[in-house]
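Below you'll find the structure, written out as structure tokens, and then a few comments.
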Amino acid sequence: MVRIVVPVVDKTGLDAQLSEHFGRAPYFIVIELDKNRSVVSQKTVPNTSEHFGGTGRPPDRILQFKPDALITYGMGPRALNIFQGANVAVLQANANTVRDVVSAYSNDELEELTEGCHHAQHR
């Protein structure tokens with residue numbers, strides 16, 4: 001079983017649009033894939049981090065789900081370092097919907113995100 005997290009703008013499941021930036025995503029979708037890389041479960045959860053009036057950093061929220069990978073357009077260097085330190089693969093999104101990036105993941109078409117966005121400082 002592989003667990004993937006994707007930052008999204010709404011709660012429409014696999015049809016959800018990806019959020020432009022990881023930490024500012026209103027929601028995260030947690031997807032589990034079986035050994036054939038088929039979706040076996042999906043769950044959309046709100047971003048309850050400090051960016052949305054809650055507590056903690058967005059990576060802390062995501063690490064609670066014990067992901068193997070995170071697919072995003074971009075994130076700040078601090079978040080990227082946290083995920084790398086937790087052995088979570090951070091992959092560069094290449095499509096606009098969860099369904100499309102999960103398909104790309106299943107076909108090994110995603111590249112690792114190696115550098116954080118430097119404009120993504122705390123505000």
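If you're wondering about the labels, chains in the structure tokens are A, B, ... by order shown, residues count from 1 in each chain, ligands from 1 in order shown.
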Within 10 Å of Thr12 (chain A), counting only C-alpha atoms, which residues qualify if same-chain residues fewer than 6 places away don't, as a tab-separated table (two decimals) with C-alpha atoms, in the first residue's frame?
```
chain	number	residue	atom	x	y	z
A	29	ILE	CA	-6.50	14.66	-0.17
A	44	THR	CA	-10.16	14.89	1.91
A	97	THR	CA	-6.38	17.44	-11.11
A	98	VAL	CA	-5.73	14.79	-8.50
```
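Put simply, CA of Asn36 (chain A) is 11.9 Å away from CA of Tyr105 (chain A).
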(request) Based on DSSP run over this structure's backbone, return all residues of region 50-81 of chain A in alpha helix (DSSP H), as a PyMOL selection string. (result) chain A and resi 58-63+77-81
Write the residues you've just listed into a file as an mmCIF file, in the first residue's frame, and include N, CA and C atoms for each of them.
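What ended up in part-v2.cif:
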```cif
data_model
loop_
_atom_site.group_PDB
_atom_site.id
_atom_site.type_symbol
_atom_site.label_atom_id
_atom_site.label_comp_id
_atom_site.auth_asym_id
_atom_site.auth_seq_id
_atom_site.Cartn_x
_atom_site.Cartn_y
_atom_site.Cartn_z
ATOM 1 N N PRO A 58 1.966 23.275 8.224
ATOM 2 C CA PRO A 58 1.350 22.326 7.299
ATOM 3 C C PRO A 58 2.065 20.969 7.221
ATOM 4 N N PRO A 59 3.411 20.918 7.206
ATOM 5 C CA PRO A 59 4.042 19.594 7.158
ATOM 6 C C PRO A 59 3.686 18.719 8.366
ATOM 7 N N ASP A 60 3.540 19.345 9.537
ATOM 8 C CA ASP A 60 3.175 18.574 10.728
ATOM 9 C C ASP A 60 1.813 17.915 10.533
ATOM 10 N N ARG A 61 0.881 18.653 9.945
ATOM 11 C CA ARG A 61 -0.458 18.125 9.676
ATOM 12 C C ARG A 61 -0.374 16.925 8.727
ATOM 13 N N ILE A 62 0.416 17.051 7.687
ATOM 14 C CA ILE A 62 0.521 15.995 6.683
ATOM 15 C C ILE A 62 1.231 14.761 7.234
ATOM 16 N N LEU A 63 2.262 14.955 8.005
ATOM 17 C CA LEU A 63 3.011 13.809 8.529
ATOM 18 C C LEU A 63 2.161 12.930 9.442
ATOM 19 N N PRO A 77 11.193 26.137 1.176
ATOM 20 C CA PRO A 77 12.346 25.298 1.477
ATOM 21 C C PRO A 77 12.253 24.627 2.852
ATOM 22 N N ARG A 78 11.679 25.290 3.826
ATOM 23 C CA ARG A 78 11.565 24.697 5.157
ATOM 24 C C ARG A 78 10.683 23.449 5.120
ATOM 25 N N ALA A 79 9.531 23.546 4.468
ATOM 26 C CA ALA A 79 8.628 22.396 4.356
ATOM 27 C C ALA A 79 9.295 21.266 3.582
ATOM 28 N N LEU A 80 9.970 21.610 2.504
ATOM 29 C CA LEU A 80 10.656 20.592 1.700
ATOM 30 C C LEU A 80 11.684 19.846 2.551
ATOM 31 N N ASN A 81 12.443 20.578 3.352
ATOM 32 C CA ASN A 81 13.443 19.945 4.221
ATOM 33 C C ASN A 81 12.796 19.032 5.259
#
```
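Close contacts of Lys66 (chain A), defined as residues with an atom at most 10 Å away when counting only C-alpha atoms, with chain neighbours fewer than 5 positions off set aside, comprise Val2, Arg3, Ile4, Val5, Val30, Arg61, Ala86 and Val88 of chain A.
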(request) With a distance cut-off of 9 Å and only C-alpha atoms, select the neighbouring residues of Ala89 (chain A), excluding the residue or stretch itself and same-chain residues fewer than 3 positions from it, and output the selection as a ChimeraX atom specification. (result) /A:67-71,83-84,86,112-113
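Using only C-alpha atoms, the smallest distance between any of A:Ser106, A:Gln92, A:Thr114, A:Ser38 and Tyr73 (chain A) comes from A:Gln92.
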(message) My list of candidates is A:Phe65, A:Phe22, A:Met1, A:Gly85. Which is closest to Lys35 (chain A) when distances are computed with only C-alpha atoms?
(response) A:Met1
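With distances restricted to only C-alpha atoms, A:Met75 is the closest residue to Glu115 (chain A) from A:Val8, A:Val101, A:Ala93, A:Met75.
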(request) Taking the DSSP assignment computed from this structure's backbone, write out as a PyMOL selection string all residues of chain A that belong to strand (DSSP E or B). (result) chain A and resi 2-8+17-18+27-33+39-46+69-72+89-92+97+112
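Computed from the coordinates, the CA of Val90 (chain A) to CA of Glu109 (chain A) distance equals 13.3 Å.
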